[in-house]
Structure formats: C-alpha cells, structure tokens
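The file input-v4.txt contains compact mmCIF, C-alpha atoms (C1' of nucleotides):
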```
# COMPACT_ATOMS: atom_id res chain seq x y z
CA MET A 25 35.98 -3.71 21.27
CA ASP A 26 35.08 -2.71 24.81
CA ALA A 27 31.91 -0.90 25.72
CA GLU A 28 33.45 2.50 26.40
CA THR A 29 35.37 2.53 23.13
CA ARG A 30 32.17 1.68 21.36
CA ALA A 31 30.30 4.42 23.21
CA LEU A 32 32.91 6.95 22.18
CA GLY A 33 32.50 5.78 18.61
CA PHE A 34 28.78 6.48 18.85
CA GLU A 35 29.47 9.95 20.23
CA HIS A 36 31.91 10.68 17.47
CA ALA A 37 29.45 9.59 14.81
CA LEU A 38 26.74 11.82 16.25
CA ARG A 39 28.97 14.85 16.70
CA ARG A 40 30.26 14.48 13.17
CA ALA A 41 26.68 14.76 12.00
CA GLY A 42 26.17 17.93 14.03
CA ILE A 43 24.10 16.14 16.64
CA ARG A 44 24.58 17.23 20.23
CA ILE A 45 25.65 14.89 22.98
CA THR A 46 23.31 15.58 25.82
CA ARG A 47 23.36 14.00 29.25
CA GLN A 48 20.52 11.69 28.16
CA ARG A 49 22.23 10.63 25.00
CA ALA A 50 25.57 10.03 26.63
CA ALA A 51 23.89 7.71 29.11
CA LEU A 52 21.90 5.94 26.45
CA LEU A 53 24.93 5.39 24.27
CA ARG A 54 26.65 3.66 27.12
CA VAL A 55 23.71 1.42 27.81
CA LEU A 56 23.58 0.50 24.16
CA ALA A 57 27.32 0.06 23.85
CA SER A 58 27.42 -2.40 26.70
CA ALA A 59 24.42 -4.47 25.62
CA GLU A 60 25.38 -8.07 24.90
CA ASP A 61 21.90 -9.08 23.89
CA HIS A 62 19.60 -7.47 21.34
CA PRO A 63 17.47 -5.11 23.42
CA ASP A 64 14.39 -3.28 22.19
CA ALA A 65 13.60 0.36 22.86
CA THR A 66 11.69 -0.35 26.06
CA GLN A 67 14.51 -2.42 27.49
CA LEU A 68 17.03 0.28 26.65
CA PHE A 69 14.74 2.79 28.31
CA GLN A 70 14.55 0.64 31.44
CA ARG A 71 18.28 0.09 31.61
CA ALA A 72 18.99 3.77 31.12
CA THR A 73 16.46 4.61 33.79
CA GLU A 74 18.00 2.12 36.22
CA ALA A 75 21.33 3.75 35.50
CA GLY A 76 19.82 7.01 36.65
CA ALA A 77 19.84 8.60 33.23
CA GLY A 78 16.50 10.36 33.52
CA VAL A 79 15.55 9.72 29.91
CA SER A 80 12.14 9.54 28.31
CA LEU A 81 11.10 6.80 25.94
CA ALA A 82 10.64 9.40 23.19
CA THR A 83 14.28 10.39 23.51
CA VAL A 84 15.31 6.76 23.36
CA TYR A 85 13.52 6.39 20.05
CA ARG A 86 14.86 9.69 18.74
CA THR A 87 18.43 8.79 19.65
CA LEU A 88 18.15 5.34 18.14
CA SER A 89 16.90 6.87 14.90
CA ALA A 90 19.83 9.25 14.83
CA LEU A 91 22.30 6.43 15.45
CA GLU A 92 20.69 4.32 12.79
CA ALA A 93 20.79 7.20 10.31
CA GLN A 94 24.52 7.50 10.99
CA GLY A 95 24.91 3.82 10.35
CA VAL A 96 26.39 2.97 13.73
CA VAL A 97 23.37 1.09 15.03
CA LEU A 98 21.26 -1.52 13.27
CA LYS A 99 17.55 -1.91 13.78
CA VAL A 100 16.51 -5.55 13.64
CA GLU A 101 12.87 -6.46 13.30
CA PHE A 102 12.02 -10.05 14.12
CA ALA A 103 8.58 -11.45 13.42
CA GLY A 104 5.91 -10.27 15.81
CA GLU A 105 8.01 -8.37 18.29
CA PRO A 106 9.15 -4.79 18.82
CA ALA A 107 12.29 -3.76 16.94
CA ARG A 108 15.62 -4.57 18.54
CA PHE A 109 18.85 -2.65 18.19
CA GLU A 110 22.48 -3.67 17.94
CA PRO A 111 25.79 -1.83 17.50
CA ALA A 112 26.80 -1.90 13.84
CA ASP A 113 30.52 -2.25 14.31
CA GLY A 114 31.81 -5.73 13.57
CA LYS A 115 30.97 -7.63 10.44
CA HIS A 116 27.66 -8.38 8.85
CA HIS A 117 25.77 -11.32 10.29
CA ASP A 118 22.34 -12.89 10.31
CA HIS A 119 20.24 -14.14 13.19
CA MET A 120 19.00 -17.41 14.53
CA ILE A 121 16.16 -17.19 17.04
CA ASP A 122 15.35 -20.05 19.42
CA VAL A 123 11.56 -20.14 19.27
CA GLU A 124 11.38 -21.71 22.71
CA THR A 125 13.68 -19.45 24.69
CA GLY A 126 13.78 -16.37 22.50
CA GLU A 127 17.56 -16.50 22.59
CA VAL A 128 19.24 -14.87 19.60
CA THR A 129 22.44 -16.22 18.06
CA GLU A 130 24.38 -14.43 15.37
CA PHE A 131 25.90 -16.34 12.49
CA VAL A 132 27.60 -15.72 9.17
CA SER A 133 27.70 -17.76 6.01
CA ASP A 134 29.67 -16.46 3.11
CA ARG A 135 28.25 -19.23 0.99
CA ILE A 136 24.70 -18.08 1.60
CA GLU A 137 25.68 -14.49 0.91
CA ARG A 138 27.23 -15.53 -2.35
CA LEU A 139 24.21 -17.56 -3.38
CA GLN A 140 21.93 -14.64 -2.64
CA ALA A 141 24.00 -12.37 -4.85
CA GLU A 142 23.94 -14.98 -7.61
CA ILE A 143 20.19 -15.36 -7.47
CA ALA A 144 19.66 -11.63 -7.59
CA ALA A 145 22.14 -11.26 -10.45
CA GLU A 146 20.40 -13.97 -12.48
CA LEU A 147 17.24 -11.91 -12.36
CA GLY A 148 19.06 -8.71 -13.23
CA TYR A 149 19.20 -7.28 -9.73
CA GLU A 150 21.83 -6.34 -7.23
CA ILE A 151 21.26 -6.68 -3.51
CA VAL A 152 20.80 -3.52 -1.48
CA ARG A 153 20.31 -5.31 1.80
CA HIS A 154 18.80 -8.56 2.94
CA ARG A 155 17.19 -10.16 5.90
CA LEU A 156 17.72 -13.74 6.91
CA GLU A 157 16.31 -15.16 10.09
CA LEU A 158 16.24 -18.78 11.16
CA TYR A 159 13.60 -19.59 13.74
CA VAL A 160 14.94 -22.74 15.34
CA ARG A 161 14.43 -25.32 18.07
CA ARG A 162 17.10 -27.16 20.03
CA LYS A 163 17.55 -30.54 18.43
CA THR A 164 16.47 -33.47 20.59
CA MET B 23 -4.26 -23.72 -10.43
CA ASP B 24 -6.95 -21.25 -11.44
CA ALA B 25 -8.52 -18.76 -9.09
CA GLU B 26 -11.85 -20.49 -8.64
CA THR B 27 -10.23 -23.84 -7.86
CA ARG B 28 -8.09 -22.10 -5.31
CA ALA B 29 -11.10 -20.34 -3.82
CA LEU B 30 -12.90 -23.66 -3.47
CA GLY B 31 -9.85 -25.03 -1.71
CA PHE B 32 -10.04 -22.17 0.77
CA GLU B 33 -13.72 -22.87 1.37
CA HIS B 34 -13.04 -26.52 1.91
CA ALA B 35 -10.29 -25.81 4.41
CA LEU B 36 -12.55 -23.50 6.36
CA ARG B 37 -15.55 -25.80 6.33
CA ARG B 38 -13.39 -28.70 7.46
CA ALA B 39 -12.46 -26.64 10.48
CA GLY B 40 -16.09 -25.95 11.27
CA ILE B 41 -15.87 -22.37 10.03
CA ARG B 42 -18.87 -21.03 8.16
CA ILE B 43 -18.75 -19.70 4.65
CA THR B 44 -20.64 -16.45 4.77
CA ARG B 45 -21.34 -14.13 1.88
CA GLN B 46 -18.48 -11.89 3.04
CA ARG B 47 -16.03 -14.71 3.31
CA ALA B 48 -16.93 -16.25 -0.02
CA ALA B 49 -16.28 -12.91 -1.68
CA LEU B 50 -13.05 -12.37 0.18
CA LEU B 51 -11.76 -15.82 -0.68
CA ARG B 52 -12.26 -15.10 -4.33
CA VAL B 53 -10.46 -11.80 -4.11
CA LEU B 54 -7.57 -13.50 -2.36
CA ALA B 55 -7.56 -16.48 -4.70
CA SER B 56 -7.23 -14.29 -7.76
CA ALA B 57 -4.53 -12.00 -6.37
CA GLU B 58 -1.39 -12.17 -8.45
CA ASP B 59 0.49 -9.74 -6.27
CA HIS B 60 0.98 -9.83 -2.50
CA PRO B 61 -1.82 -7.63 -1.16
CA ASP B 62 -2.13 -6.41 2.41
CA ALA B 63 -5.34 -6.40 4.44
CA THR B 64 -6.37 -2.92 3.34
CA GLN B 65 -5.91 -3.74 -0.32
CA LEU B 66 -7.94 -6.91 0.05
CA PHE B 67 -10.60 -4.89 1.80
CA GLN B 68 -10.66 -2.38 -1.06
CA ARG B 69 -10.84 -5.05 -3.73
CA ALA B 70 -13.60 -6.88 -1.93
CA THR B 71 -15.49 -3.62 -1.52
CA GLU B 72 -15.10 -2.78 -5.21
CA ALA B 73 -16.45 -6.24 -5.97
CA GLY B 74 -19.52 -5.28 -3.98
CA ALA B 75 -18.83 -7.67 -1.14
CA GLY B 76 -19.94 -5.37 1.67
CA VAL B 77 -17.21 -6.48 4.02
CA SER B 78 -15.66 -4.66 6.95
CA LEU B 79 -11.95 -4.44 7.54
CA ALA B 80 -12.39 -6.33 10.80
CA THR B 81 -13.87 -9.26 8.92
CA VAL B 82 -11.01 -9.18 6.45
CA TYR B 83 -8.55 -9.55 9.32
CA ARG B 84 -10.62 -12.22 11.01
CA THR B 85 -10.94 -14.25 7.83
CA LEU B 86 -7.25 -13.95 7.06
CA SER B 87 -6.43 -15.21 10.55
CA ALA B 88 -8.70 -18.19 10.06
CA LEU B 89 -7.13 -19.00 6.70
CA GLU B 90 -3.68 -18.66 8.14
CA ALA B 91 -4.58 -20.93 11.06
CA GLN B 92 -5.73 -23.55 8.55
CA GLY B 93 -2.45 -23.21 6.73
CA VAL B 94 -3.94 -22.23 3.39
CA VAL B 95 -2.75 -18.63 3.48
CA LEU B 96 0.65 -17.28 4.43
CA LYS B 97 1.18 -13.98 6.16
CA VAL B 98 4.34 -12.26 4.93
CA GLU B 99 5.77 -9.34 6.85
CA PHE B 100 8.28 -7.26 4.98
CA ALA B 101 10.31 -4.56 6.71
CA GLY B 102 8.35 -1.46 7.56
CA GLU B 103 5.07 -2.22 5.87
CA PRO B 104 1.76 -3.80 6.80
CA ALA B 105 1.57 -7.59 6.54
CA ARG B 106 0.82 -9.06 3.14
CA PHE B 107 -0.95 -12.31 2.37
CA GLU B 108 -0.48 -15.01 -0.23
CA PRO B 109 -2.16 -18.35 -0.99
CA ALA B 110 -0.14 -21.18 0.51
CA ASP B 111 -0.58 -23.73 -2.19
CA GLY B 112 2.47 -24.24 -4.34
CA LYS B 113 5.92 -24.81 -2.97
CA HIS B 114 7.90 -22.88 -0.41
CA HIS B 115 9.67 -19.81 -1.72
CA ASP B 116 11.39 -16.66 -0.54
CA HIS B 117 10.96 -13.08 -1.65
CA MET B 118 12.94 -10.48 -3.49
CA ILE B 119 11.67 -6.92 -3.14
CA ASP B 120 12.66 -4.20 -5.61
CA VAL B 121 13.33 -1.26 -3.32
CA GLU B 122 12.56 1.20 -6.09
CA THR B 123 9.27 -0.14 -7.39
CA GLY B 124 8.12 -2.26 -4.47
CA GLU B 125 7.65 -5.15 -6.86
CA VAL B 126 7.90 -8.57 -5.23
CA THR B 127 9.43 -11.58 -6.98
CA GLU B 128 9.34 -15.07 -5.57
CA PHE B 129 12.35 -17.34 -5.80
CA VAL B 130 13.60 -20.68 -4.52
CA SER B 131 17.07 -21.93 -3.79
CA ASP B 132 17.48 -25.45 -2.57
CA ARG B 133 21.12 -24.73 -1.96
CA ILE B 134 20.34 -21.89 0.40
CA GLU B 135 17.76 -24.02 2.18
CA ARG B 136 20.31 -26.76 2.61
CA LEU B 137 22.95 -24.38 3.90
CA GLN B 138 20.52 -22.97 6.43
CA ALA B 139 19.77 -26.42 7.74
CA GLU B 140 23.49 -27.17 7.96
CA ILE B 141 24.22 -24.01 9.89
CA ALA B 142 21.41 -24.66 12.33
CA ALA B 143 22.49 -28.28 12.76
CA GLU B 144 26.08 -27.27 13.50
CA LEU B 145 24.82 -25.26 16.44
CA GLY B 146 22.55 -28.06 17.63
CA TYR B 147 19.31 -26.64 16.28
CA GLU B 148 16.71 -27.63 13.73
CA ILE B 149 14.86 -25.05 11.69
CA VAL B 150 11.21 -24.45 12.51
CA ARG B 151 10.73 -21.77 9.88
CA HIS B 152 12.82 -19.11 8.31
CA ARG B 153 12.54 -15.77 6.65
CA LEU B 154 14.71 -14.67 3.77
CA GLU B 155 14.15 -11.42 1.95
CA LEU B 156 16.39 -9.79 -0.60
CA TYR B 157 15.89 -6.07 -1.00
CA VAL B 158 17.25 -5.39 -4.45
CA ARG B 159 17.75 -2.79 -7.14
CA ARG B 160 17.66 -3.31 -10.91
CA LYS B 161 21.25 -3.63 -12.06
CA THR B 162 22.51 -0.79 -14.25
C1' DA C 26 22.90 33.34 22.24
C1' DT C 27 21.75 29.90 19.06
C1' DC C 28 19.34 25.98 17.92
C1' DC C 29 18.92 21.51 18.94
C1' DC C 30 17.20 19.11 22.41
C1' DT C 31 13.99 17.34 26.01
C1' DG C 32 9.57 15.52 28.31
C1' DC C 33 4.92 15.09 27.95
C1' DA C 34 0.95 13.77 25.90
C1' DA C 35 -1.49 13.24 21.96
C1' DA C 36 -1.45 11.25 17.45
C1' DC C 37 -0.30 7.44 14.36
C1' DC C 38 -0.58 3.07 12.00
C1' DC C 39 -1.84 -1.48 11.86
C1' DT C 40 -4.32 -4.90 14.10
C1' DT C 41 -7.37 -6.92 17.54
C1' DT C 42 -11.51 -7.10 20.36
C1' DG C 43 -16.20 -6.31 22.99
C1' DC C 44 -20.68 -5.96 22.02
C1' DA C 45 -25.34 -6.58 20.28
C1' DG C 46 -27.65 -8.18 16.51
C1' DC C 47 -27.64 -11.24 12.16
C1' DG C 48 -27.63 -15.37 9.33
C1' DC C 49 -25.30 -20.00 8.11
C1' DA C 50 -25.69 -24.91 8.78
C1' DT D 18 -32.54 -22.79 16.19
C1' DG D 19 -27.93 -22.47 17.87
C1' DC D 20 -23.85 -20.62 17.56
C1' DG D 21 -20.70 -18.59 14.82
C1' DC D 22 -20.61 -14.57 12.35
C1' DT D 23 -20.86 -9.47 11.28
C1' DG D 24 -20.16 -4.25 11.65
C1' DC D 25 -18.99 -0.71 14.47
C1' DA D 26 -16.22 1.59 17.31
C1' DA D 27 -13.13 1.43 20.85
C1' DA D 28 -8.85 -0.50 22.59
C1' DG D 29 -4.31 -2.11 21.86
C1' DG D 30 0.89 -2.07 21.15
C1' DG D 31 4.74 0.02 19.20
C1' DT D 32 6.43 4.21 17.41
C1' DT D 33 6.31 9.09 16.03
C1' DT D 34 5.41 13.95 16.61
C1' DG D 35 3.81 18.96 18.13
C1' DC D 36 4.69 21.92 21.52
C1' DA D 37 6.89 24.93 24.87
C1' DG D 38 10.62 25.15 27.80
C1' DG D 39 15.69 23.81 28.62
C1' DG D 40 20.63 23.04 27.72
C1' DA D 41 24.90 21.96 24.71
C1' DT D 42 28.09 24.38 21.85
```

Same coordinates, now as structure tokens:
Amino acid sequence: MDAETRALGFEHALRRAGIRITRQRAALLRVLASAEDHPDATQLFQRATEAGAGVSLATVYRTLSALEAQGVVLKVEFAGEPARFEPADGKHHDHMIDVETGEVTEFVSDRIERLQAEIAAELGYEIVRHRLELYVRRKT
Amino acid sequence: MDAETRALGFEHALRRAGIRITRQRAALLRVLASAEDHPDATQLFQRATEAGAGVSLATVYRTLSALEAQGVVLKVEFAGEPARFEPADGKHHDHMIDVETGEVTEFVSDRIERLQAEIAAELGYEIVRHRLELYVRRKT
DNA sequence: ATCCCTGCAAACCCTTTGCAGCGCA
DNA sequence: TGCGCTGCAAAGGGTTTGCAGGGAT
C-alpha cells in the first residue's frame, strides 16, 4: 500500500467517525502514512513542521489519539522511551529492538501466537491483546 | 522461600555492594519481600508507611533502583500504568494481566522462549531480554 | 452558522535530583 | 568520623487538558 492510499484511508476512518479533516490533520496523516520507521509524537511533530504543516504538538497527540481510537493507528510503547506509532493496516506483528542501534524489526510467529492462546486457555482466559518485544543484539 | 529469608537476601545483596542498611531500607525490604502481588512504588510507600517505617517516596524509589541494580528486584512495566516491582529470586516468567480485574498471573513457557530465540537467531540476533505480556479476559 | 478544532500554556503523572542535615559502618 | 543516606521540594520528561478564538462542514 502506498503512502497516499494509506493517508486517504486515515481520512476516511476519521470522517466516518464524524471527525473533521483540518489542514493540520491532513498534513499529519501524510507524515504518518509515509513513515517507514516507528516515529514517536515528537518526531511526527518535527516532520510535520518541516513539511510546513504549522501544527502544534498538542494537535499531534490529539490526532494520534483519534486515529488510535478508530483503530487505524497502533500505539507501541517500548521500555523506557516515549510511545511510538505505526499504521495499523497490514497484519499483526511483534517487535524486535536492537539494543545497540535502536533499530526496530517487525516479525510474526504463528506458533508463538498459538502457544499464547493455549496458555491463556489452560488458565481459563482468552487473550484480548498481547505485547511481545525482543530486545536483541547482533550475534557475533 | 519465606519473606524474612528473602528480606535477608536483599540486605545481603545491598551490603555486598557497599550499600548501607538503614532503618528505612530494612523496613522497605520487608514490605517488598512479603508482597504477594506486584506492587508499584506508591503502594510500597503506603505499606511501609502503615508499617510505621517513616519512609519518603523518594527513598522508596532510590532503594528500588539499588535493588534492581543488584539484580535482586525486577521492575515490570505494564502498559499504561506505573512500574511495578517483584523479587527476582525464582525462575524467569512472563505475565498475564486480567484486563477486567487487573489481577496478574505469572506463567512460563519454555516453548515460547525457545521460539523467540529461534526467531532472533534467524535474523542474526541473540536475545538480551524480552517482554511478553498477555492481556486477557476470563473466558465465558 | 454550527461545533469541532486549534495553539498556547498550564496541569498531570510518575520518577528523578539538588540540597543540607542525619546516622550507619 | 566519613560518607552514604534521608526528607523535602523542585525539576524533569512525556502526555493531557482548559480556554478562547478560528475554521471545516
């Protein structure tokens, strides 16, 4: 999915929820839609500002909350850093964080997912959501 | 392991690192050692206060940091709440959080651990630490 | 013309820290 | 007695919010 298609998806999701697309939001959605990494609110603010969006940090947070509430953006909170945000299209995945470089890699493991569900079920629970992060180092 | 044995272990770890056992710390260690749940700093502060320890919240944080640095206490950060602390004796485990009651259950899965290591290895990494939390709901 | 939105700054929550005096070892 | 410790209060970082004016629908 290209960035503009994704941005339009964001707009649609907001409009559907009766949320207005302002100049600031339109700009922000595009910044977010084209992010390849996992930026935090401050980085999104900077990028939007560089793009001439004239947005305040408060609006960045407010828009991210709205997008998250609509389920089109995921907030990811790694240990000891500000929350990061990623588009929620695409399939579920977990994260691997290189502790030396900070680089984030996404991965999926159906087997782990299945085991998690089994463990929960054994204790009489069903999984609502989960968080799995591997903090790793490049093997020597 | 009973609470007092655990508390003595904490004291030993601190002393070994050249850290003094003050009245406040001794009290705090006992509160922590006898915690069955996963209390956060404020709760530990309250319990210590109720026990007549005369401790300040700052000291609670400072002592917890020291214990964590010695590896005898683990700081656990669940999504959207203050950090919790648990004694680090016993074996590694992950956490399951009941989203309705907030109750925390510990669990282990060697198979998941193994799969994590495999996934990291496939990408040329080795795991430094990981975080796995299942947010669950009692099955109907 | 509505209301929702915006920017700003202040407020928030959790946690850390500077300081001057206190008390373990 | 030395040096780490303590309480207090202020600072800190990330995030949220109250307010009065502005703009999308």

Requested in this report: Residues of chain C near chain B: apply a cut-off of 12 Å, count all atoms listed in the file, and supply the list as a list in words.
Outcome: DC38, DC39, DT40, DT41, DT42, DC47, DG48, DC49 and DA50 of chain C

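Take CA of Thr164 (chain A) and CA of Leu137 (chain B): the distance between them is 20.1 Å.
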
Could I have chain B as a CSV table (one decimal) with C-alpha atoms, in the frame of the given file after it is superimposed on chain A by least squares, pairing all C-alpha atoms in sequence order?
```
chain,number,residue,atom,x,y,z
B,23,MET,CA,36.0,-3.7,21.3
B,24,ASP,CA,35.0,-2.8,24.9
B,25,ALA,CA,31.9,-0.9,25.8
B,26,GLU,CA,33.4,2.4,26.5
B,27,THR,CA,35.4,2.5,23.2
B,28,ARG,CA,32.2,1.7,21.4
B,29,ALA,CA,30.3,4.4,23.3
B,30,LEU,CA,32.9,6.9,22.3
B,31,GLY,CA,32.5,5.8,18.7
B,32,PHE,CA,28.8,6.5,18.9
B,33,GLU,CA,29.5,9.9,20.3
B,34,HIS,CA,32.0,10.7,17.6
B,35,ALA,CA,29.5,9.6,14.9
B,36,LEU,CA,26.8,11.8,16.4
B,37,ARG,CA,29.1,14.9,16.9
B,38,ARG,CA,30.4,14.5,13.3
B,39,ALA,CA,26.8,14.8,12.1
B,40,GLY,CA,26.3,18.0,14.2
B,41,ILE,CA,24.2,16.2,16.8
B,42,ARG,CA,24.7,17.2,20.4
B,43,ILE,CA,25.7,14.9,23.1
B,44,THR,CA,23.3,15.6,25.9
B,45,ARG,CA,23.4,13.9,29.4
B,46,GLN,CA,20.5,11.7,28.2
B,47,ARG,CA,22.2,10.6,25.1
B,48,ALA,CA,25.6,10.0,26.7
B,49,ALA,CA,23.9,7.7,29.2
B,50,LEU,CA,21.9,5.9,26.5
B,51,LEU,CA,24.9,5.4,24.3
B,52,ARG,CA,26.6,3.6,27.2
B,53,VAL,CA,23.7,1.4,27.8
B,54,LEU,CA,23.6,0.5,24.2
B,55,ALA,CA,27.3,0.0,23.9
B,56,SER,CA,27.4,-2.5,26.7
B,57,ALA,CA,24.4,-4.5,25.6
B,58,GLU,CA,25.3,-8.1,24.9
B,59,ASP,CA,21.9,-9.1,23.9
B,60,HIS,CA,19.6,-7.4,21.3
B,61,PRO,CA,17.4,-5.1,23.4
B,62,ASP,CA,14.4,-3.3,22.1
B,63,ALA,CA,13.6,0.4,22.8
B,64,THR,CA,11.6,-0.3,26.0
B,65,GLN,CA,14.4,-2.4,27.4
B,66,LEU,CA,17.0,0.3,26.6
B,67,PHE,CA,14.7,2.8,28.3
B,68,GLN,CA,14.4,0.6,31.4
B,69,ARG,CA,18.2,0.1,31.6
B,70,ALA,CA,18.9,3.7,31.1
B,71,THR,CA,16.4,4.6,33.8
B,72,GLU,CA,17.9,2.1,36.2
B,73,ALA,CA,21.2,3.7,35.5
B,74,GLY,CA,19.7,6.9,36.7
B,75,ALA,CA,19.8,8.6,33.3
B,76,GLY,CA,16.4,10.3,33.5
B,77,VAL,CA,15.5,9.7,29.9
B,78,SER,CA,12.1,9.5,28.3
B,79,LEU,CA,11.1,6.8,25.9
B,80,ALA,CA,10.6,9.4,23.2
B,81,THR,CA,14.3,10.4,23.5
B,82,VAL,CA,15.3,6.8,23.4
B,83,TYR,CA,13.5,6.4,20.0
B,84,ARG,CA,14.9,9.7,18.7
B,85,THR,CA,18.5,8.8,19.7
B,86,LEU,CA,18.2,5.4,18.2
B,87,SER,CA,17.0,6.9,14.9
B,88,ALA,CA,19.9,9.3,14.9
B,89,LEU,CA,22.3,6.5,15.5
B,90,GLU,CA,20.7,4.4,12.8
B,91,ALA,CA,20.9,7.3,10.4
B,92,GLN,CA,24.6,7.6,11.1
B,93,GLY,CA,25.0,3.9,10.4
B,94,VAL,CA,26.5,3.0,13.8
B,95,VAL,CA,23.4,1.1,15.0
B,96,LEU,CA,21.3,-1.4,13.2
B,97,LYS,CA,17.6,-1.8,13.7
B,98,VAL,CA,16.6,-5.5,13.6
B,99,GLU,CA,12.9,-6.4,13.2
B,100,PHE,CA,12.1,-10.0,14.0
B,101,ALA,CA,8.6,-11.4,13.3
B,102,GLY,CA,5.9,-10.2,15.7
B,103,GLU,CA,8.0,-8.3,18.2
B,104,PRO,CA,9.1,-4.7,18.7
B,105,ALA,CA,12.3,-3.7,16.8
B,106,ARG,CA,15.6,-4.5,18.5
B,107,PHE,CA,18.9,-2.6,18.2
B,108,GLU,CA,22.5,-3.6,17.9
B,109,PRO,CA,25.8,-1.8,17.5
B,110,ALA,CA,26.8,-1.8,13.9
B,111,ASP,CA,30.5,-2.2,14.3
B,112,GLY,CA,31.8,-5.7,13.5
B,113,LYS,CA,31.0,-7.6,10.4
B,114,HIS,CA,27.6,-8.3,8.8
B,115,HIS,CA,25.8,-11.3,10.2
B,116,ASP,CA,22.4,-12.9,10.3
B,117,HIS,CA,20.3,-14.1,13.2
B,118,MET,CA,19.1,-17.4,14.5
B,119,ILE,CA,16.2,-17.1,17.0
B,120,ASP,CA,15.5,-20.0,19.4
B,121,VAL,CA,11.7,-20.1,19.3
B,122,GLU,CA,11.5,-21.6,22.8
B,123,THR,CA,13.8,-19.3,24.7
B,124,GLY,CA,13.9,-16.3,22.5
B,125,GLU,CA,17.6,-16.4,22.6
B,126,VAL,CA,19.3,-14.8,19.6
B,127,THR,CA,22.5,-16.1,18.0
B,128,GLU,CA,24.4,-14.3,15.3
B,129,PHE,CA,25.9,-16.3,12.4
B,130,VAL,CA,27.6,-15.7,9.1
B,131,SER,CA,27.7,-17.7,5.9
B,132,ASP,CA,29.7,-16.4,3.0
B,133,ARG,CA,28.2,-19.2,0.9
B,134,ILE,CA,24.7,-18.1,1.6
B,135,GLU,CA,25.6,-14.5,0.8
B,136,ARG,CA,27.2,-15.6,-2.4
B,137,LEU,CA,24.2,-17.6,-3.4
B,138,GLN,CA,21.9,-14.7,-2.7
B,139,ALA,CA,23.9,-12.5,-5.0
B,140,GLU,CA,23.9,-15.1,-7.7
B,141,ILE,CA,20.1,-15.6,-7.5
B,142,ALA,CA,19.5,-11.8,-7.7
B,143,ALA,CA,22.0,-11.5,-10.5
B,144,GLU,CA,20.2,-14.2,-12.5
B,145,LEU,CA,17.1,-12.2,-12.4
B,146,GLY,CA,18.8,-9.0,-13.3
B,147,TYR,CA,19.0,-7.5,-9.9
B,148,GLU,CA,21.7,-6.5,-7.4
B,149,ILE,CA,21.1,-6.8,-3.7
B,150,VAL,CA,20.6,-3.6,-1.7
B,151,ARG,CA,20.2,-5.4,1.6
B,152,HIS,CA,18.8,-8.6,2.8
B,153,ARG,CA,17.2,-10.2,5.8
B,154,LEU,CA,17.7,-13.8,6.9
B,155,GLU,CA,16.4,-15.2,10.1
B,156,LEU,CA,16.3,-18.8,11.2
B,157,TYR,CA,13.7,-19.6,13.8
B,158,VAL,CA,15.1,-22.7,15.4
B,159,ARG,CA,14.6,-25.2,18.2
B,160,ARG,CA,17.3,-27.1,20.1
B,161,LYS,CA,17.7,-30.5,18.6
B,162,THR,CA,16.6,-33.4,20.7
```

Requested in this report: With a cut-off of 12 Å and counting only C-alpha atoms, select all residues of chain B in contact with chain A and give the selection as a PyMOL selection string.
Outcome: chain B and resi 97-105+116-122+127-162

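Shortest atom-to-atom contact with chain B among D:DT18, D:DT33, D:DT23, D:DT42: D:DT23, counting all atoms listed in the file.
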
Query raised in the report: In Å, how far is it from CA of Gly126 (chain A) to CA of Ala77 (chain A)?
Result: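 Pair CA of Gly126 (chain A) / CA of Ala77 (chain A) returns 27.8 Å.
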
Missing atoms in region 129-141 of chain A: fill them in up to N, CA and C atoms and send the result as a short mmCIF file (atom, residue, chain, number, x, y, z; two decimals), keeping the file's coordinate frame.
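And here is the file that came out, selection19.cif:
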```
data_model
loop_
_atom_site.label_atom_id
_atom_site.label_comp_id
_atom_site.auth_asym_id
_atom_site.auth_seq_id
_atom_site.Cartn_x
_atom_site.Cartn_y
_atom_site.Cartn_z
N THR A 129 21.05 -15.90 18.37
CA THR A 129 22.44 -16.22 18.06
C THR A 129 22.78 -15.60 16.72
N GLU A 130 23.97 -15.00 16.64
CA GLU A 130 24.38 -14.43 15.37
C GLU A 130 25.18 -15.47 14.59
N PHE A 131 25.07 -15.44 13.30
CA PHE A 131 25.90 -16.34 12.49
C PHE A 131 26.22 -15.68 11.16
N VAL A 132 27.25 -16.21 10.51
CA VAL A 132 27.60 -15.72 9.17
C VAL A 132 27.78 -16.92 8.25
N SER A 133 27.44 -16.74 7.01
CA SER A 133 27.70 -17.76 6.01
C SER A 133 28.01 -17.08 4.69
N ASP A 134 29.27 -17.07 4.36
CA ASP A 134 29.67 -16.46 3.11
C ASP A 134 29.03 -17.17 1.94
N ARG A 135 28.84 -18.47 2.09
CA ARG A 135 28.25 -19.23 0.99
C ARG A 135 26.82 -18.78 0.73
N ILE A 136 26.07 -18.56 1.81
CA ILE A 136 24.70 -18.08 1.60
C ILE A 136 24.70 -16.70 0.97
N GLU A 137 25.59 -15.84 1.47
CA GLU A 137 25.68 -14.49 0.91
C GLU A 137 25.94 -14.56 -0.59
N ARG A 138 26.87 -15.42 -0.95
CA ARG A 138 27.23 -15.53 -2.35
C ARG A 138 26.07 -16.03 -3.19
N LEU A 139 25.36 -17.02 -2.65
CA LEU A 139 24.21 -17.56 -3.38
C LEU A 139 23.13 -16.50 -3.56
N GLN A 140 22.93 -15.70 -2.53
CA GLN A 140 21.93 -14.64 -2.64
C GLN A 140 22.28 -13.70 -3.77
N ALA A 141 23.55 -13.29 -3.81
CA ALA A 141 24.00 -12.37 -4.85
C ALA A 141 23.81 -12.99 -6.23
#
```
